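Heads up, final_34.txt below (compact mmCIF, C-alpha atoms):
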# COMPACT_ATOMS: atom_id res chain seq x y z
CA MET S 773 -18.17 27.46 24.01
CA GLU S 774 -21.02 25.74 25.84
CA GLY S 775 -21.80 22.26 24.56
CA PHE S 776 -18.45 21.99 22.79
CA LYS S 777 -15.26 20.14 23.66
CA VAL S 778 -11.92 19.99 21.88
CA ASP S 779 -10.25 17.00 20.30
CA LYS S 780 -6.56 16.02 20.27
CA TRP S 781 -5.81 18.72 17.70
CA GLY S 782 -7.48 21.44 19.77
CA TYR S 783 -10.44 21.78 17.38
CA GLU S 784 -14.01 22.21 18.62
CA VAL S 785 -16.42 19.28 18.54
CA LYS S 786 -20.11 19.60 19.43
CA THR S 787 -20.58 17.13 22.27
CA ASN S 788 -20.94 17.05 26.04
CA SER S 789 -19.45 13.55 26.23
CA ASP S 790 -15.89 13.14 27.48
CA SER S 791 -16.01 9.45 26.53
CA CYS S 792 -17.01 10.36 22.98
CA ILE S 793 -13.99 12.68 22.63
CA SER S 794 -11.79 10.02 24.22
CA SER S 795 -12.90 7.45 21.62
CA ILE S 796 -12.27 9.93 18.79
CA ASN S 797 -8.79 10.68 20.11
CA SER S 798 -8.06 6.96 20.50
CA TYR S 799 -9.09 6.48 16.89
CA TYR S 800 -6.69 9.23 15.80
CA HIS S 801 -3.87 7.38 17.55
CA GLN S 802 -4.83 4.05 16.01
CA VAL S 803 -4.90 5.48 12.49
CA LEU S 804 -1.57 7.26 12.76
CA SER S 805 0.20 4.39 14.52
CA TYR S 806 -1.30 1.73 12.19
CA GLY S 807 -2.88 0.12 15.23
CA ARG S 808 -5.20 -2.86 15.12
CA GLU S 809 -7.93 -1.22 17.20
CA ARG S 810 -9.24 1.35 14.73
CA SER S 811 -12.73 0.02 15.42
CA VAL S 812 -12.65 2.08 18.61
CA ILE S 813 -14.28 4.85 16.56
CA LEU S 814 -17.51 2.83 16.54
CA GLU S 815 -17.80 3.55 20.27
CA ALA S 816 -17.91 7.33 19.76
CA PRO S 817 -21.43 7.54 18.19
CA LYS S 818 -22.74 5.21 20.87
CA GLN S 819 -21.49 7.61 23.52
CA ASP S 820 -23.03 10.60 21.71
CA PRO S 821 -25.38 9.73 18.82
CA THR S 822 -25.71 13.45 17.98
CA CYS S 823 -21.97 14.08 17.48
CA VAL S 824 -21.30 14.80 13.82
CA LEU S 825 -17.57 14.08 13.98
CA ALA S 826 -18.15 10.75 15.75
CA ASN S 827 -20.70 9.67 13.17
CA ILE S 828 -18.82 10.73 10.06
CA LEU S 829 -15.51 9.19 11.18
CA ALA S 830 -17.30 5.95 12.03
CA ALA S 831 -19.04 6.02 8.63
CA HIS S 832 -15.68 6.40 6.90
CA TYR S 833 -14.21 3.53 8.90
CA LEU S 834 -17.04 1.22 7.81
CA SER S 835 -17.42 2.50 4.24
CA SER S 836 -15.00 0.11 2.56
CA ALA S 837 -15.85 -3.03 4.51
CA ASP S 838 -19.51 -2.68 5.50
CA SER S 839 -21.25 0.11 3.58
CA SER S 840 -24.69 -0.94 4.81
CA ARG S 841 -23.64 -0.05 8.36
CA ALA S 842 -21.96 3.15 7.22
CA LEU S 843 -25.11 4.67 5.69
CA PRO S 844 -27.07 5.19 8.96
CA LEU S 845 -24.01 6.86 10.49
CA LEU S 846 -23.68 9.14 7.48
CA GLN S 847 -27.37 10.05 7.74
CA ALA S 848 -27.01 10.74 11.47
CA ALA S 849 -24.06 13.04 10.83
CA LYS S 850 -26.04 14.88 8.15
CA SER S 851 -29.10 15.31 10.38
CA TYR S 852 -27.11 17.05 13.15
CA LEU S 853 -24.83 19.03 10.83
CA GLU S 854 -26.44 22.42 11.48
CA GLN S 855 -25.42 22.42 15.15
CA ALA S 856 -21.88 21.15 14.52
CA SER S 857 -18.65 23.17 14.72
CA LEU S 858 -17.04 24.57 11.58
CA TYR S 859 -14.30 21.95 11.85
CA GLU S 860 -16.86 19.12 11.95
CA LYS S 861 -18.71 20.55 8.95
CA VAL S 862 -15.52 20.64 6.89
CA VAL S 863 -14.57 17.08 7.89
CA PHE S 864 -18.09 15.98 7.02
CA ASP S 865 -17.87 17.53 3.54
CA VAL S 866 -14.53 15.84 2.87
CA ILE S 867 -15.58 12.36 3.99
CA ASN S 868 -19.02 12.63 2.38
CA CYS S 869 -17.23 13.26 -0.91
CA LEU S 870 -14.71 10.50 -0.28
CA ILE S 871 -17.25 7.74 0.39
CA SER S 872 -19.65 8.78 -2.39
CA PRO S 873 -20.14 6.00 -4.99
CA SER S 874 -19.54 8.58 -7.74
CA ARG S 875 -16.64 10.36 -6.09
CA ASP S 876 -14.18 12.40 -8.10
CA ASP S 877 -10.71 11.77 -6.66
CA ASP S 878 -9.41 15.17 -7.77
CA VAL S 879 -12.27 16.93 -5.98
CA ALA S 880 -11.66 14.85 -2.84
CA VAL S 881 -7.99 15.83 -2.81
CA GLU S 882 -8.83 19.50 -3.30
CA LEU S 883 -11.26 19.38 -0.36
CA HIS S 884 -8.48 17.94 1.79
CA PHE S 885 -6.15 20.78 0.76
CA LYS S 886 -8.80 23.28 1.87
CA LEU S 887 -9.45 21.46 5.15
CA LEU S 888 -5.75 21.34 6.00
CA LYS S 889 -5.33 25.02 5.17
CA ASP S 890 -7.84 25.93 7.87
CA PHE S 891 -7.12 23.05 10.26
CA PRO S 892 -3.43 22.17 9.74
CA ARG S 893 -3.03 20.16 12.95
CA ASP S 894 -5.45 17.47 11.81
CA LEU S 895 -2.92 14.76 10.98
CA VAL S 896 -5.60 12.10 10.48
CA SER S 897 -7.08 14.13 7.63
CA LEU S 898 -3.55 14.48 6.26
CA LYS S 899 -3.12 10.71 6.47
CA ARG S 900 -6.50 10.13 4.81
CA ALA S 901 -5.52 12.49 1.98
CA GLN S 902 -2.14 10.81 1.52
CA VAL S 903 -3.78 7.39 1.28
CA LEU S 904 -6.07 8.78 -1.42
CA CYS S 905 -3.07 10.19 -3.31
CA PHE S 906 -1.32 6.83 -3.02
CA TYR S 907 -4.20 5.05 -4.74
CA MET S 908 -4.27 7.78 -7.37
CA GLY S 909 -0.58 7.30 -8.06
CA ARG S 910 0.10 10.96 -7.18
CA PRO S 911 2.99 11.21 -4.70
CA ASP S 912 3.53 14.79 -5.87
CA LEU S 913 0.19 15.81 -4.37
CA SER S 914 0.93 13.78 -1.25
CA LEU S 915 4.13 15.75 -0.71
CA LYS S 916 2.38 19.08 -1.25
CA LEU S 917 -0.19 18.15 1.38
CA VAL S 918 2.37 17.33 4.06
CA GLU S 919 4.53 20.34 3.21
CA GLN S 920 1.47 22.56 3.60
CA VAL S 921 1.10 21.64 7.28
CA LEU S 922 4.70 20.84 8.26
CA SER S 923 5.51 24.22 9.79
CA VAL S 924 2.85 23.87 12.51
CA ASN S 925 3.58 20.19 13.22
CA LYS S 926 7.39 20.13 13.41
CA GLN S 927 7.50 18.41 16.80
CA GLU S 928 4.57 16.06 16.23
CA SER S 929 4.88 12.30 16.09
CA TYR S 930 4.06 10.74 12.70
CA ILE S 931 4.48 13.86 10.54
CA TYR S 932 8.00 12.95 9.40
CA GLY S 933 7.05 9.41 8.50
CA MET S 934 4.36 10.85 6.25
CA LEU S 935 6.85 13.31 4.76
CA ALA S 936 9.44 10.58 4.23
CA PHE S 937 7.12 8.25 2.35
CA SER S 938 6.07 10.97 -0.09
CA LEU S 939 9.73 11.75 -0.75
CA LEU S 940 10.46 8.06 -1.27
CA GLU S 941 7.75 7.76 -3.90
CA LEU S 942 9.29 10.71 -5.74
CA GLY S 943 12.74 9.11 -5.71
CA ARG S 944 14.19 11.63 -3.23
CA TYR S 945 15.90 9.06 -1.03
CA THR S 946 18.42 11.31 0.69
CA ASP S 947 15.69 13.73 1.74
CA ALA S 948 13.49 10.80 2.77
CA GLU S 949 16.21 9.37 4.99
CA GLU S 950 16.71 12.74 6.67
CA ALA S 951 12.96 13.10 7.31
CA ALA S 952 12.60 9.54 8.60
CA ASN S 953 15.54 9.98 10.97
CA LYS S 954 13.86 13.11 12.39
CA GLY S 955 10.70 11.10 12.92
CA PHE S 956 12.65 8.32 14.62
CA GLU S 957 14.22 10.85 16.99
CA ILE S 958 10.76 12.09 18.00
CA ASP S 959 9.18 8.64 18.30
CA SER S 960 11.37 5.57 17.95
CA GLU S 961 8.28 3.32 17.95
CA ASP S 962 6.59 4.84 14.89
CA ALA S 963 6.25 1.85 12.56
CA TRP S 964 5.68 4.06 9.50
CA THR S 965 9.04 5.70 10.15
CA HIS S 966 10.63 2.24 10.50
CA HIS S 967 9.04 1.39 7.17
CA ALA S 968 10.39 4.53 5.48
CA LEU S 969 13.93 3.94 6.71
CA CYS S 970 13.79 0.35 5.51
CA HIS S 971 12.77 1.59 2.06
CA VAL S 972 15.85 3.82 2.03
CA TYR S 973 18.18 1.03 3.12
CA GLN S 974 16.71 -1.32 0.50
CA TYR S 975 17.06 1.22 -2.27
CA LYS S 976 20.70 1.75 -1.33
CA CYS S 977 21.19 -2.04 -1.12
CA ARG S 978 22.14 -1.83 2.56
CA PHE S 979 20.31 -5.09 3.18
CA LYS S 980 22.18 -6.24 6.29
CA GLU S 981 21.69 -2.85 7.93
CA ALA S 982 17.99 -2.91 7.00
CA VAL S 983 17.45 -6.34 8.55
CA GLN S 984 19.29 -5.44 11.74
CA PHE S 985 17.35 -2.19 12.09
CA MET S 986 13.94 -3.72 11.40
CA GLU S 987 14.45 -6.76 13.62
CA LYS S 988 15.49 -4.46 16.45
CA CYS S 989 12.36 -2.34 15.91
CA SER S 990 10.09 -5.39 15.58
CA ARG S 991 9.69 -5.71 19.35
CA THR S 992 7.31 -2.72 19.13
CA TRP S 993 5.15 -4.15 16.32
CA SER S 994 2.79 -6.50 18.19
CA SER S 995 -0.01 -3.92 18.34
CA LEU S 996 0.16 -3.08 14.63
CA SER S 997 -2.62 -3.81 12.16
CA SER S 998 -2.33 -7.01 10.14
CA PHE S 999 -1.22 -4.99 7.15
CA MET S 1000 1.51 -2.97 8.84
CA TYR S 1001 2.83 -5.90 10.87
CA THR S 1002 3.13 -8.26 7.90
CA HIS S 1003 4.23 -5.49 5.55
CA ASN S 1004 7.19 -4.54 7.70
CA TRP S 1005 8.13 -8.22 7.87
CA TRP S 1006 7.63 -8.42 4.08
CA HIS S 1007 10.36 -5.80 3.81
CA VAL S 1008 12.61 -7.86 6.07
CA ALA S 1009 12.00 -10.93 3.89
CA LEU S 1010 12.88 -8.92 0.77
CA CYS S 1011 16.13 -7.81 2.35
CA TYR S 1012 17.04 -11.44 3.06
CA LEU S 1013 16.05 -12.32 -0.51
CA GLU S 1014 18.01 -9.51 -2.14
CA GLY S 1015 20.95 -9.91 0.23
CA HIS S 1016 21.57 -13.51 -0.89
CA SER S 1017 20.51 -15.13 2.38
CA PRO S 1018 19.43 -18.77 2.10
CA MET S 1019 15.90 -19.10 0.70
CA GLU S 1020 15.03 -21.00 3.89
CA LYS S 1021 15.54 -17.76 5.82
CA VAL S 1022 12.97 -16.02 3.62
CA ARG S 1023 10.63 -18.96 4.13
CA ASP S 1024 11.01 -18.67 7.91
CA VAL S 1025 9.95 -15.01 7.82
CA TYR S 1026 6.97 -15.98 5.67
CA ASP S 1027 5.93 -18.71 8.12
CA GLN S 1028 6.63 -16.99 11.43
CA ASN S 1029 5.92 -13.34 10.71
CA ILE S 1030 3.46 -13.22 7.82
CA TRP S 1031 1.36 -16.38 7.62
CA LYS S 1032 1.30 -16.83 11.39
CA GLU S 1033 -0.53 -13.50 11.73
CA LEU S 1034 -3.65 -15.36 10.55
CA GLU S 1035 -3.70 -17.24 13.87
CA ARG S 1036 -4.60 -14.05 15.72
CA SER S 1037 -8.32 -13.76 16.42
CA ASP S 1038 -8.44 -10.14 15.26
CA ALA S 1039 -6.35 -10.63 12.11
CA SER S 1040 -7.46 -9.13 8.81
CA PRO S 1041 -6.81 -11.95 6.30
CA ALA S 1042 -6.86 -9.78 3.17
CA GLU S 1043 -4.09 -7.59 4.59
CA VAL S 1044 -2.00 -10.68 5.30
CA TYR S 1045 -2.65 -12.19 1.88
CA LEU S 1046 -1.46 -9.03 0.13
CA ASN S 1047 1.98 -9.31 1.69
CA ALA S 1048 2.06 -13.10 1.44
CA VAL S 1049 1.32 -13.28 -2.28
CA GLY S 1050 3.57 -10.30 -3.00
CA LEU S 1051 6.47 -12.14 -1.39
CA LEU S 1052 5.75 -15.45 -3.11
CA LEU S 1053 5.73 -13.79 -6.54
CA ARG S 1054 9.23 -12.47 -5.82
CA VAL S 1055 10.35 -15.92 -4.74
CA TYR S 1056 8.76 -17.48 -7.82
CA VAL S 1057 10.50 -15.09 -10.22
CA ARG S 1058 13.82 -15.88 -8.55
CA GLY S 1059 13.30 -19.61 -8.97
CA GLY S 1060 13.02 -20.38 -5.27
CA ILE S 1061 9.39 -21.44 -4.99
CA ASN S 1062 10.29 -25.12 -4.53
CA VAL S 1063 11.80 -24.26 -1.15
CA PHE S 1064 8.32 -23.10 -0.11
CA GLY S 1065 6.71 -26.48 -0.73
CA ASP S 1066 2.94 -26.23 -1.10
CA ARG S 1067 2.64 -22.77 0.48
CA LEU S 1068 1.67 -21.07 -2.79
CA LYS S 1069 -1.06 -23.65 -3.39
CA ILE S 1070 -2.37 -23.23 0.16
CA LEU S 1071 -2.45 -19.45 -0.31
CA ALA S 1072 -4.14 -19.74 -3.71
CA ASP S 1073 -6.83 -21.98 -2.21
CA CYS S 1074 -7.58 -19.19 0.27
CA LEU S 1075 -7.69 -16.66 -2.57
CA THR S 1076 -10.41 -18.57 -4.42
CA ASN S 1077 -12.73 -17.07 -1.78
CA LYS S 1078 -14.42 -14.16 -3.55
CA ALA S 1079 -14.65 -12.25 -0.28
CA PHE S 1080 -11.03 -11.27 -0.94
CA TRP S 1081 -11.62 -10.07 -4.49
CA TYR S 1082 -12.15 -6.45 -5.54
CA LEU S 1083 -10.82 -4.99 -2.29
CA GLU S 1084 -7.94 -3.26 -4.03
CA TRP S 1085 -6.30 -3.49 -7.42
CA HIS S 1086 -2.84 -4.44 -6.23
CA LEU S 1087 -4.18 -7.50 -4.45
CA ASP S 1088 -6.42 -8.42 -7.40
CA VAL S 1089 -3.49 -8.38 -9.84
CA LEU S 1090 -1.47 -10.62 -7.53
CA VAL S 1091 -4.43 -12.94 -6.95
CA VAL S 1092 -4.88 -13.38 -10.72
CA TRP S 1093 -1.27 -14.55 -10.93
CA ALA S 1094 -1.50 -16.88 -7.92
CA LEU S 1095 -4.70 -18.52 -9.21
CA SER S 1096 -3.46 -19.01 -12.77
CA CYS S 1097 -0.06 -20.24 -11.56
CA THR S 1098 -1.61 -22.94 -9.36
CA GLY S 1099 -4.10 -24.27 -11.93
CA GLU S 1100 -7.13 -22.30 -10.75
CA VAL S 1101 -7.46 -20.88 -14.26
CA SER S 1102 -11.25 -20.65 -14.33
CA LYS S 1103 -11.24 -18.73 -11.04
CA ALA S 1104 -8.57 -16.38 -12.38
CA GLU S 1105 -10.64 -15.82 -15.52
CA GLU S 1106 -13.69 -15.08 -13.39
CA LEU S 1107 -11.75 -12.50 -11.43
CA LEU S 1108 -10.48 -10.92 -14.65
CA GLU S 1109 -13.99 -10.66 -16.04
CA GLY S 1110 -15.15 -9.08 -12.81
CA LEU S 1111 -12.39 -6.49 -13.03
CA LYS S 1112 -13.38 -5.66 -16.61
CA SER S 1113 -16.98 -5.24 -15.50
CA ARG S 1114 -15.95 -2.87 -12.73
CA ILE S 1115 -13.87 -0.76 -15.09
CA SER S 1116 -16.80 -0.48 -17.49
CA LYS S 1117 -18.86 1.15 -14.73
CA MET S 1118 -16.26 3.78 -13.87
CA THR S 1119 -16.34 7.37 -15.03
CA LYS S 1120 -14.55 7.98 -18.33
CA LYS S 1121 -11.62 9.65 -16.58
CA LYS S 1122 -11.22 6.85 -14.05
CA ARG S 1123 -11.69 4.19 -16.74
CA GLN S 1124 -8.82 5.63 -18.79
CA HIS S 1125 -6.53 5.54 -15.75
CA MET S 1126 -7.41 1.98 -14.75
CA GLN S 1127 -7.19 0.42 -18.21
CA ARG S 1128 -3.45 0.10 -17.68
CA ALA S 1129 -4.08 -1.88 -14.48
CA MET S 1130 -6.36 -4.22 -16.41
CA LEU S 1131 -3.65 -4.93 -18.96
CA LEU S 1132 -1.19 -5.71 -16.16
CA ALA S 1133 -3.67 -8.15 -14.64
CA GLU S 1134 -4.11 -9.89 -18.00
CA ALA S 1135 -0.35 -10.12 -18.46
CA LEU S 1136 0.05 -11.68 -15.00
CA PHE S 1137 -2.72 -14.17 -15.84
CA GLU S 1138 -0.80 -15.36 -18.91
CA TYR S 1139 2.51 -15.34 -17.05
CA GLY S 1140 1.02 -17.56 -14.37
CA LYS S 1141 0.07 -20.08 -17.06
CA GLY S 1142 3.57 -19.95 -18.53
CA GLU S 1143 2.41 -18.14 -21.67
CA ASN S 1144 5.22 -15.58 -21.76
CA GLU S 1145 4.84 -14.40 -25.33
CA ARG S 1146 1.09 -13.98 -24.91
CA ALA S 1147 1.65 -12.06 -21.66
CA LEU S 1148 4.04 -9.65 -23.37
CA GLU S 1149 1.32 -8.67 -25.85
CA PHE S 1150 -0.57 -6.90 -23.03
CA LEU S 1151 2.36 -4.67 -22.09
CA ASP S 1152 4.07 -1.82 -23.93
CA GLU S 1153 7.51 -2.44 -25.41
CA THR S 1154 8.77 0.32 -23.12
CA PHE S 1155 7.09 -1.21 -20.04
CA ASP S 1156 8.17 0.19 -16.68
CA ALA S 1157 6.30 -0.79 -13.54
CA ILE S 1158 6.82 2.68 -12.08
CA ASN S 1159 4.01 3.81 -14.38
CA TYR S 1160 1.52 1.51 -12.64
CA LYS S 1161 1.20 3.28 -9.29
CA ILE S 1162 -2.54 3.49 -9.93
CA ILE S 1163 -2.94 -0.10 -8.70
CA GLY S 1164 -2.09 1.23 -5.23
CA ALA S 1165 1.47 -0.01 -4.83
CA SER S 1166 4.74 1.56 -3.77
CA ASP S 1167 7.86 1.59 -5.93
CA GLU S 1168 9.21 -1.33 -3.93
CA GLN S 1169 6.00 -3.31 -4.42
CA LEU S 1170 5.97 -2.51 -8.14
CA ASP S 1171 9.58 -3.58 -8.75
CA VAL S 1172 8.58 -7.23 -8.98
CA PHE S 1173 6.60 -6.50 -12.14
CA ASN S 1174 9.79 -5.24 -13.78
CA ASP S 1175 11.41 -8.52 -12.77
CA VAL S 1176 8.49 -10.41 -14.31
CA TRP S 1177 8.72 -8.33 -17.51
CA ILE S 1178 12.45 -8.99 -17.93
CA THR S 1179 12.03 -12.69 -17.12
CA MET S 1180 9.29 -13.01 -19.74
CA LEU S 1181 11.53 -11.35 -22.33
CA LEU S 1182 14.28 -13.84 -21.54
CA ASN S 1183 11.88 -16.80 -21.60
CA SER S 1184 10.63 -15.62 -24.99
CA GLY S 1185 14.13 -15.47 -26.48
CA GLN S 1186 14.22 -11.66 -26.56
CA ALA S 1187 17.63 -11.27 -24.93
CA THR S 1188 18.43 -7.93 -26.56
CA LYS S 1189 15.24 -6.33 -25.26
CA ALA S 1190 15.88 -7.89 -21.86
CA ILE S 1191 19.36 -6.36 -21.72
CA GLN S 1192 17.93 -2.94 -22.62
CA ALA S 1193 15.24 -3.26 -19.94
CA ILE S 1194 17.78 -4.30 -17.29
CA GLU S 1195 20.16 -1.46 -18.16
CA LYS S 1196 17.26 0.97 -17.85
CA GLN S 1197 16.48 -0.27 -14.34
CA LEU S 1198 20.14 -0.34 -13.29
CA LYS S 1199 20.39 3.38 -14.09
CA LYS S 1200 17.83 3.93 -11.34
CA ARG S 1201 19.32 1.50 -8.83
CA GLU S 1202 22.68 0.15 -9.88
CA GLY S 1203 23.32 -2.06 -6.87
CA THR S 1204 20.35 -4.41 -7.30
CA PRO S 1205 21.80 -7.96 -7.16
CA PHE S 1206 18.96 -9.70 -8.97
CA LEU S 1207 19.15 -7.31 -11.92
CA TRP S 1208 22.86 -8.02 -12.32
CA ARG S 1209 22.11 -11.74 -12.21
CA LEU S 1210 19.48 -11.28 -14.93
CA LEU S 1211 21.92 -9.19 -16.96
CA VAL S 1212 24.48 -12.02 -16.90
CA LEU S 1213 21.80 -14.49 -18.01
CA SER S 1214 20.64 -12.12 -20.75
CA ILE S 1215 24.14 -11.60 -22.13
CA ALA S 1216 24.81 -15.34 -22.07
CA SER S 1217 21.52 -15.99 -23.84
CA HIS S 1218 22.30 -13.30 -26.42
CA LYS S 1219 25.74 -14.77 -27.15
CA THR S 1220 24.33 -18.29 -27.44
CA PHE S 1221 21.69 -17.07 -29.89
CA ASN S 1222 24.32 -15.30 -32.01
CA LEU S 1223 26.38 -18.50 -32.24
CA PHE S 1224 23.61 -20.01 -34.33
For this file, produce the structure as structure tokens.
Amino acid sequence: MEGFKVDKWGYEVKTNSDSCISSINSYYHQVLSYGRERSVILEAPKQDPTCVLANILAAHYLSSADSSRALPLLQAAKSYLEQASLYEKVVFDVINCLISPSRDDDVAVELHFKLLKDFPRDLVSLKRAQVLCFYMGRPDLSLKLVEQVLSVNKQESYIYGMLAFSLLELGRYTDAEEAANKGFEIDSEDAWTHHALCHVYQYKCRFKEAVQFMEKCSRTWSSLSSFMYTHNWWHVALCYLEGHSPMEKVRDVYDQNIWKELERSDASPAEVYLNAVGLLLRVYVRGGINVFGDRLKILADCLTNKAFWYLEWHLDVLVVWALSCTGEVSKAEELLEGLKSRISKMTKKKRQHMQRAMLLAEALFEYGKGENERALEFLDETFDAINYKIIGASDEQLDVFNDVWITMLLNSGQATKAIQAIEKQLKKREGTPFLWRLLVLSIASHKTFNLF
């Protein structure tokens, strides 16, 4: 059709600019490969200011970090909508809903289902929908989305990594491993597939195999975003930690492959801090923080910067702990109050979902101060971190909160409850070394208590 070109998926886009389409296609690649050059999409509206797809994708890219710059792009997309292709109009509707201040997550997901029914090759829209489901704590919907389009994308790079992660979050590890291996056969450099396979190996306590696999793959990671690069190394560090390697080995990964990312001129500090503080909490719970010297304090000093607050709930919960643990109590309290304020402004439905996240943050605040009994008051007696996916964390990322819960029970003299909590977790993953260590401590504590 005159005045139209096609993008990577073969869908029509209203533009006469080859460079505009090239920038859009480059953006697709960056998103799916977790590249660090996603800002390439900002070039597309410069090359054709009238292109709806260019404008709306650029608006979405900027919406979370710089909403003031996103608004003109959204308005531009809206002003040229009448002349756009059907595909562009549908993408516009989806993203317009997604970046709305009053968005309804359920509506946004439903719009993605409809988009992918008509345009099933659009893997970036699939990825966008899966990210939304992740932050909703709905891996079931994420799996339905990828299954809906799988038949027409069976030989595509990235599709099996997306399938595998959904299966992982639903506890279907055998199926996830099969899917991830298919993805690896198609593209051995897909970092999301590496990530999925590492999850499988960790769950099955194949820590040595996980480390060897990930370190072999790591030669392809230099172009990854700060998040994906440090997150894959976070997994490696966890495998060393769980596999009883010396704590110094874990520290080396932290120094050389997580913290060092901050030296890169195009690094995204918040993405690095998420993986850094997540690792240090694990180390802290396991009693190894002394090996890390003043690294936790250095990180906490960085996290007093409010520019890194309120970006995502998972990071906020971890920041609350890091600040309270290092004596920055007033800062931690300020962050907590800010989180409460944000919840109060949410819709009733969203507020009900996020109240649980608030209680977790308050528990981590007290835990950081060493107030174990007070911290336990914020959590249910049947606490299980798996029920806190709404903070935007995977099962592997959430596991540490179970460790914290059990440790607090032990520190509060509640050995019987600790034993019950450990046995519950061991039914899910019986080979976890740290849980067995905690079980031994719990039984010893219980016997000692009964002697008196």
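Between CA of Arg808 in chain S and CA of Val1089 in chain S lies a distance of 25.6 Å.
Distance check against Val903 in chain S using all atoms listed in the file: of S:Ala1009, S:Met934, S:Leu1046, S:Ile1215, the minimum falls on S:Met934.
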Check your understanding: Can you tell me, as a ChimeraX atom specification, what residues are no more than 10 Å from Tyr945 in chain S when counting only C-alpha atoms, ignoring any on the same chain fewer than 6 positions away?
Key -> /S:936-937,939,951,968-969,971-973,975-976
Point to revise | Distance criterion (all atoms listed in the file): nearest to Ala1187 in chain S out of S:Ala1104, S:Leu1207, S:Leu1051, S:Ala1216 | key: S:Ala1216
**Study point:** Non-local contacts of Asn788 in chain S (7 Å; only C-alpha atoms; under 2 positions in same chain excluded) as an MDAnalysis selection string
**Key:** chainID S and resid 775:777 790
Practice item. Quick one: pull the distance between CA of Leu1111 in chain S and CA of Tyr1139 in chain S, Å, one decimal. Key: 17.8 Å
Check your understanding: Which one of S:Gly1185, S:Glu928, S:Thr1179, S:Leu1132 sits closest to Arg1209 in chain S if you count all atoms listed in the file?
Key -> S:Thr1179
Sorted per-residue table, range 1017-1050 of chain S near range 991-1003 of chain S, closest atoms and distance, 10 Å, all atoms listed in the file, as JSON lines:
{"residue": "S:Val1025", "atom": "CA", "partner": "S:Thr1002", "partner_atom": "CA", "distance": 9.6}
{"residue": "S:Tyr1026", "atom": "CA", "partner": "S:Thr1002", "partner_atom": "CA", "distance": 8.9}
{"residue": "S:Asn1029", "atom": "CA", "partner": "S:Thr1002", "partner_atom": "CA", "distance": 6.4}
{"residue": "S:Ile1030", "atom": "CA", "partner": "S:Thr1002", "partner_atom": "CA", "distance": 5.0}
{"residue": "S:Trp1031", "atom": "CA", "partner": "S:Thr1002", "partner_atom": "CA", "distance": 8.3}
{"residue": "S:Lys1032", "atom": "CA", "partner": "S:Thr1002", "partner_atom": "CA", "distance": 9.4}
{"residue": "S:Glu1033", "atom": "CA", "partner": "S:Ser998", "partner_atom": "CA", "distance": 6.9}
{"residue": "S:Leu1034", "atom": "CA", "partner": "S:Ser998", "partner_atom": "CA", "distance": 8.5}
{"residue": "S:Arg1036", "atom": "CA", "partner": "S:Ser998", "partner_atom": "CA", "distance": 9.3}
{"residue": "S:Asp1038", "atom": "CA", "partner": "S:Ser998", "partner_atom": "CA", "distance": 8.6}
{"residue": "S:Ala1039", "atom": "CA", "partner": "S:Ser998", "partner_atom": "CA", "distance": 5.8}
{"residue": "S:Ser1040", "atom": "CA", "partner": "S:Ser998", "partner_atom": "CA", "distance": 5.7}
{"residue": "S:Pro1041", "atom": "CA", "partner": "S:Ser998", "partner_atom": "CA", "distance": 7.7}
{"residue": "S:Ala1042", "atom": "CA", "partner": "S:Phe999", "partner_atom": "CA", "distance": 8.4}
{"residue": "S:Glu1043", "atom": "CA", "partner": "S:Phe999", "partner_atom": "CA", "distance": 4.6}
{"residue": "S:Val1044", "atom": "CA", "partner": "S:Phe999", "partner_atom": "CA", "distance": 6.0}
{"residue": "S:Tyr1045", "atom": "CA", "partner": "S:Phe999", "partner_atom": "CA", "distance": 9.0}
{"residue": "S:Leu1046", "atom": "CA", "partner": "S:Phe999", "partner_atom": "CA", "distance": 8.1}
{"residue": "S:Asn1047", "atom": "CA", "partner": "S:His1003", "partner_atom": "CA", "distance": 5.9}
{"residue": "S:Ala1048", "atom": "CA", "partner": "S:Thr1002", "partner_atom": "CA", "distance": 8.1}
{"residue": "S:Gly1050", "atom": "CA", "partner": "S:His1003", "partner_atom": "CA", "distance": 9.8}
Study note, to complete from the structure: Between CA of Arg810 in chain S and CA of Ile931 in chain S lies a distance of 19.0 Å
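Environment of (-5.2, -14.1, -12.5): residues at most 8 Å away, judged by all atoms listed in the file, are S:Asp1088, S:Val1089, S:Leu1090, S:Val1091, S:Val1092, S:Trp1093, S:Ala1094, S:Leu1095, S:Ser1096, S:Val1101, S:Lys1103, S:Ala1104, S:Glu1105, S:Leu1107, S:Leu1108, S:Ala1133, S:Glu1134, S:Leu1136, S:Phe1137, S:Glu1138, S:Gly1140.
Remark: for Ser835 in chain S, the closest of the candidate residues S:Asp779, S:Gln847, S:Ser872, S:Ala816 is S:Ser872 (distances computed over all atoms listed in the file).
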**Study point:** Distance criterion (only C-alpha atoms): nearest to Asp962 in chain S out of S:Gln1127, S:Ser839, S:Asn1062, S:Ser805
**Key:** S:Ser805
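The residue that comes closest to Asp1171 in chain S, out of S:Ala982, S:Val866, S:Cys1074, S:Val1057 and on the basis of only C-alpha atoms, is S:Val1057.
For Arg900 in chain S, the residues within 12 Å (counting all atoms listed in the file, excluding itself and residues fewer than 4 positions away along the chain) are Tyr800, Val803, Leu804, Leu829, His832, Tyr833, Val863, Val866, Ile867, Leu870, Ile871, Ala880, Val881, Leu883, His884, Phe885, Leu887, Leu888, Asp894, Leu895, Val896, Leu904, Cys905, Phe906, Tyr907, Ser914, Leu917, Val918 and Met934 of chain S.
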